[in-house]
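Remarks on the structure that follows.
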Amino acid sequence: MTAVPSSLTLGSLHVETPVVLAPMAGITNAAYRRLCLDQMRAQGAPGLFVCEMITSRGLVERDETTLKMLVFDELETTRSVQLYGTDPVYVGKAAEILCGEYGVAHIDLNFGCPVPKVTRKGGGGALPWKRGLLGQILEHAVAAASPYGVPVTMKTRKGIDDDHLTYLDAGRIAQESGVAAIALHGRTVAQSYSGQADWEAIARLVEHVDIPVLGNGDIWEAADAVRMVEETGVAGVVVGRGCLGRPWLFRDLAAAFAGESIATLPTLGEVAAMMRRHADLLCRHMGEERGCKELRKHVSWYLKGFAAGGDLRRSLAMVETLADLDRLLAVLDPHEPFPRDALGTPRGRQGSPRSKVALPEGWLDDADGTDCLLREDASETTGG
């Protein structure tokens, strides 16, 4: 059984607690990252909080939507960004911009997205099948970031499906390319978010490479993170859907990696206060109209398992102003205890496994793909 680490080293970057907030499209904006950061700092040392994924082409071409996503809270002293790209040149140029103009301290490359509109073009979780192309992208990114001392990491999945696994080759290529660490989501693209994550595959990757491996998949509670480290030997964990509607999970994670056992069980009143704080941060960064709209998607996650009625939930999911939010939150029973049966259960999207992954025509015929030219959309913003 592996000892639980207290920190994480990614090249020149020292992360005080070995926990990474996974980039999630439309979720991990500056407001949510700040909310989670505050929770972790209240308990102990902070982890690494990654910005929503942006596209390399969108950044290089100064796409307005892309640039608006590159916003950081004033307390984010360590700026981390996930970059999507299928063209080595664009990825390299984008990495140079992030380091030189935005002062980022860490760049993560997305090779794990399972969304059909991405894999259909050879991106996301489909790209590691092309081993040569993967190496070129990684090498361009590392070369661009190295003069700034910025570590580059990558996130991937086990493979396209059980018959087309790529993660061991991806780990080898990452190591050979100078990548500082590799994060593995223990599912295939075909699985998407369904079923169970394969922690045994994560353990195999740890044994296969010398660079740090970060584990991702089915971390619903802080105890799951500790168990993943003990069972797989990972250097740290990546937490995604488990924190939806539960930013206080990072408080528990900070405690767990400091050797303490804490399971935060907020009352509905405390959850309502967290929702209000979330809304305040969203409005501060985006303005009240857009900030309130952004909060709507979080309502069902915050209230999961609580007895709040359907009409109230629907009204909260249509809130337009902070005044409306205050009025509706006041209706909630502040003393209602946290629903314990909601602990340890999946949150967010799950879906069903796919019988066939959307891929470019003839994609599986060639496992190298060196100098393969893929069109990259400037506005692609789906996480993985």
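Residues in the structure tokens are numbered from 1 in each chain, the chains being A, B, ... in the order shown, and ligands are numbered from 1 in the order shown.
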
Next on the checklist: Need the shell around Phe49 in chain A: protein/DNA/RNA residues with any atom at most 8 Å away, counting only C-alpha atoms. Skip same-chain ones fewer than 3 positions apart. Format as a list of chain:residue names?
Outcome noted: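 The residues that qualify are A:Val20, A:Leu21, A:Ala22, A:Pro23, A:Arg33, A:Leu37, A:Arg79, A:Ser80.
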
Can those selected residues be exported to a file as a PDB file, in the first residue's frame so that it contains N, CA, C and O atoms?
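And here is the file that came out, again.pdb:
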ATOM      1  N   VAL A  20      -5.856  18.257  -7.817  1.00  0.00           N
ATOM      2  CA  VAL A  20      -6.071  19.140  -8.961  1.00  0.00           C
ATOM      3  C   VAL A  20      -7.562  19.212  -9.260  1.00  0.00           C
ATOM      4  O   VAL A  20      -8.233  18.178  -9.342  1.00  0.00           O
ATOM      5  N   LEU A  21      -8.076  20.421  -9.405  1.00  0.00           N
ATOM      6  CA  LEU A  21      -9.451  20.611  -9.866  1.00  0.00           C
ATOM      7  C   LEU A  21      -9.465  20.424 -11.372  1.00  0.00           C
ATOM      8  O   LEU A  21      -8.804  21.161 -12.102  1.00  0.00           O
ATOM      9  N   ALA A  22     -10.208  19.425 -11.845  1.00  0.00           N
ATOM     10  CA  ALA A  22     -10.269  19.157 -13.282  1.00  0.00           C
ATOM     11  C   ALA A  22     -10.959  20.300 -14.010  1.00  0.00           C
ATOM     12  O   ALA A  22     -11.988  20.798 -13.547  1.00  0.00           O
ATOM     13  N   PRO A  23     -10.431  20.713 -15.148  1.00  0.00           N
ATOM     14  CA  PRO A  23     -11.130  21.732 -15.933  1.00  0.00           C
ATOM     15  C   PRO A  23     -12.432  21.174 -16.479  1.00  0.00           C
ATOM     16  O   PRO A  23     -12.456  20.087 -17.049  1.00  0.00           O
ATOM     17  N   ARG A  33     -13.409  28.508  -9.323  1.00  0.00           N
ATOM     18  CA  ARG A  33     -12.060  28.193  -8.849  1.00  0.00           C
ATOM     19  C   ARG A  33     -11.769  28.921  -7.533  1.00  0.00           C
ATOM     20  O   ARG A  33     -11.188  28.352  -6.607  1.00  0.00           O
ATOM     21  N   LEU A  37     -10.942  27.247  -4.020  1.00  0.00           N
ATOM     22  CA  LEU A  37      -9.670  27.647  -3.421  1.00  0.00           C
ATOM     23  C   LEU A  37      -9.876  28.136  -1.990  1.00  0.00           C
ATOM     24  O   LEU A  37      -9.107  27.789  -1.080  1.00  0.00           O
ATOM     25  N   ARG A  79      -1.505  30.427 -11.844  1.00  0.00           N
ATOM     26  CA  ARG A  79      -2.431  30.342 -12.970  1.00  0.00           C
ATOM     27  C   ARG A  79      -2.197  29.063 -13.767  1.00  0.00           C
ATOM     28  O   ARG A  79      -1.081  28.798 -14.220  1.00  0.00           O
ATOM     29  N   SER A  80      -3.261  28.289 -13.910  1.00  0.00           N
ATOM     30  CA  SER A  80      -3.184  27.013 -14.612  1.00  0.00           C
ATOM     31  C   SER A  80      -4.250  26.978 -15.697  1.00  0.00           C
ATOM     32  O   SER A  80      -5.407  27.332 -15.441  1.00  0.00           O
TER      33      SER A  80
END

Checklist entry - Per DSSP on the backbone, what are the strand (DSSP E) residues of range 171-213 of chain A, as a PyMOL selection string? => result chain A and resi 181-185+213

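For the set A:Ser194, A:Thr156, A:Thr188, A:Thr9, the residue with the smallest atom-to-atom gap to Ile211 in chain A is A:Thr9, counting only C-alpha atoms.
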
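Closest approach to Thr66 in chain A among A:Ala183, A:Leu268, A:Cys283, A:Leu83 is made by A:Leu83 (distances from only C-alpha atoms).
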
Item to check | Near-range 220-235 of chain A list (6 Å; only C-alpha atoms; drop same-chain fewer than 5 positions) as a list in words | outcome: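 Everything that qualifies: Met1, Thr2, Ala203, Pro212, Val213, Leu214, Gly242, Asp252, Leu253 and Gly344 of chain A.
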
Using N, CA and C atoms, can you write the selected residues to a file as a PDB file, in the first residue's frame?
ATOM      1  N   MET A   1       0.847  -1.192   0.000  1.00  0.00           N
ATOM      2  CA  MET A   1       0.000   0.000   0.000  1.00  0.00           C
ATOM      3  C   MET A   1       0.884   1.243   0.000  1.00  0.00           C
ATOM      4  N   THR A   2       0.637   2.152  -0.929  1.00  0.00           N
ATOM      5  CA  THR A   2       1.461   3.347  -1.089  1.00  0.00           C
ATOM      6  C   THR A   2       1.141   4.390  -0.022  1.00  0.00           C
ATOM      7  N   ALA A 203      -2.957   2.212 -12.036  1.00  0.00           N
ATOM      8  CA  ALA A 203      -1.808   1.593 -11.364  1.00  0.00           C
ATOM      9  C   ALA A 203      -0.794   1.062 -12.376  1.00  0.00           C
ATOM     10  N   PRO A 212       5.459  11.614 -12.814  1.00  0.00           N
ATOM     11  CA  PRO A 212       4.286  11.497 -11.944  1.00  0.00           C
ATOM     12  C   PRO A 212       3.016  11.189 -12.736  1.00  0.00           C
ATOM     13  N   VAL A 213       2.192  10.323 -12.168  1.00  0.00           N
ATOM     14  CA  VAL A 213       0.882  10.015 -12.729  1.00  0.00           C
ATOM     15  C   VAL A 213      -0.183  10.541 -11.768  1.00  0.00           C
ATOM     16  N   LEU A 214      -1.174  11.213 -12.316  1.00  0.00           N
ATOM     17  CA  LEU A 214      -2.307  11.697 -11.529  1.00  0.00           C
ATOM     18  C   LEU A 214      -3.525  10.858 -11.887  1.00  0.00           C
ATOM     19  N   GLY A 242     -17.088  15.067  -8.868  1.00  0.00           N
ATOM     20  CA  GLY A 242     -17.348  14.894  -7.444  1.00  0.00           C
ATOM     21  C   GLY A 242     -17.545  16.188  -6.685  1.00  0.00           C
ATOM     22  N   ASP A 252     -12.347  18.997   2.646  1.00  0.00           N
ATOM     23  CA  ASP A 252     -12.125  17.617   3.111  1.00  0.00           C
ATOM     24  C   ASP A 252     -10.867  17.017   2.503  1.00  0.00           C
ATOM     25  N   LEU A 253     -10.605  17.326   1.236  1.00  0.00           N
ATOM     26  CA  LEU A 253      -9.416  16.799   0.571  1.00  0.00           C
ATOM     27  C   LEU A 253      -8.137  17.344   1.193  1.00  0.00           C
ATOM     28  N   GLY A 344     -20.923   9.698  -1.613  1.00  0.00           N
ATOM     29  CA  GLY A 344     -20.320   8.590  -2.345  1.00  0.00           C
ATOM     30  C   GLY A 344     -21.042   8.196  -3.615  1.00  0.00           C
TER      31      GLY A 344
END

Next on the checklist: Applying 8 Å and only C-alpha atoms, which residues near Leu374 in chain A remain after dropping the ones on its own chain fewer than 5 positions away? List them as a ChimeraX atom specification.
Outcome noted: /A:86-87,121-122

For the residues selected in the previous step, produce a file with N, CA, C and O atoms as a compact mmCIF listing (two decimals), in the first residue's frame.
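After the write, part17.txt holds the following:
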# COMPACT_ATOMS: atom_id res chain seq x y z
N THR A 86 -4.95 20.19 -31.91
CA THR A 86 -4.64 19.05 -32.76
C THR A 86 -3.53 19.38 -33.75
O THR A 86 -3.08 18.52 -34.48
N ASP A 87 -3.09 20.64 -33.77
CA ASP A 87 -2.04 21.09 -34.67
C ASP A 87 -0.82 21.48 -33.82
O ASP A 87 -0.90 22.39 -33.01
N LYS A 121 -13.39 14.72 -35.19
CA LYS A 121 -12.35 15.47 -35.90
C LYS A 121 -10.96 15.01 -35.50
O LYS A 121 -9.95 15.62 -35.87
N GLY A 122 -10.89 13.93 -34.71
CA GLY A 122 -9.59 13.39 -34.32
C GLY A 122 -9.01 14.02 -33.06
O GLY A 122 -7.87 13.74 -32.71

Checklist outcome for this item: Shortest contact to Leu67 in chain A, candidates A:Leu303, A:Met24, A:Ile173, A:Met53, atoms counted only C-alpha atoms, goes to A:Met53

7 Å contact set for range 317-331 of chain A, only C-alpha atoms, chain neighbours under 5 positions out, as a PDB file with C-alpha atoms, in the first residue's frame:
ATOM      1  CA  ALA A 272     -27.656  28.216   0.723  1.00  0.00           C
ATOM      2  CA  GLU A 288     -25.211  40.339 -12.433  1.00  0.00           C
ATOM      3  CA  GLU A 289     -27.252  39.258 -15.445  1.00  0.00           C
ATOM      4  CA  CYS A 292     -27.117  34.716 -12.216  1.00  0.00           C
ATOM      5  CA  LYS A 293     -27.642  32.760 -15.422  1.00  0.00           C
ATOM      6  CA  ARG A 296     -28.634  28.190 -12.664  1.00  0.00           C
ATOM      7  CA  LYS A 297     -26.814  25.065 -13.835  1.00  0.00           C
ATOM      8  CA  VAL A 299     -28.794  24.574  -8.502  1.00  0.00           C
TER       9      VAL A 299
END

Item to check | 8 Å contact set for range 351-361 of chain A, only C-alpha atoms, chain neighbours under 6 positions out, as a PyMOL selection string | outcome: chain A and resi 116-117+119-122+126+160-161+189-195

Item to check | Counting only C-alpha atoms, the residue of A:Asp341, A:Glu139, A:Glu336, A:Asp198 that sits nearest Val89 in chain A | outcome: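 Looking at the shortest contact to Val89 in chain A, the residue is A:Glu139.
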
Checklist entry - Which residues come within 7 Å of Val150 in chain A, counting only C-alpha atoms, excluding same-chain residues fewer than 5 positions away, as a list in words? => result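 Everything that qualifies: Ala105, His106 and Ala145 of chain A.
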
Checklist entry - So how many Å separate CA of Trp301 in chain A and CA of Arg313 in chain A, to one decimal? => result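 One can read the CA of Trp301 in chain A to CA of Arg313 in chain A distance as 10.8 Å.
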
Next on the checklist: For the structure I just gave you, how does DSSP split range 11-219 of chain A - specifically, which residues are alpha helix (DSSP H)? Reply as a VMD selection string.
Outcome noted: chain A and resid 30 to 43 56 to 60 64 to 69 88 to 102 116 to 119 131 to 145 167 to 176 199 to 208

Item to check | Atom pair CA of Tyr148 in chain A / CA of Asn110 in chain A: separation (Å) | outcome: 20.7 Å

Checklist outcome for this item: Judged by only C-alpha atoms, the minimum distance to Asp210 in chain A among A:Asp280, A:Asp38, A:Glu64, A:Glu176 is found for A:Glu176

Item to check | Nearest to Gly305 in chain A, chosen from A:Arg347, A:Val91, A:Gly259, A:Ser7, with only C-alpha atoms counted in the distances | outcome: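 For Gly305 in chain A, the nearest of the given residues is A:Arg347.
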
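Across the structure, CA of Leu332 in chain A and CA of Ser300 in chain A are spaced 13.9 Å apart.
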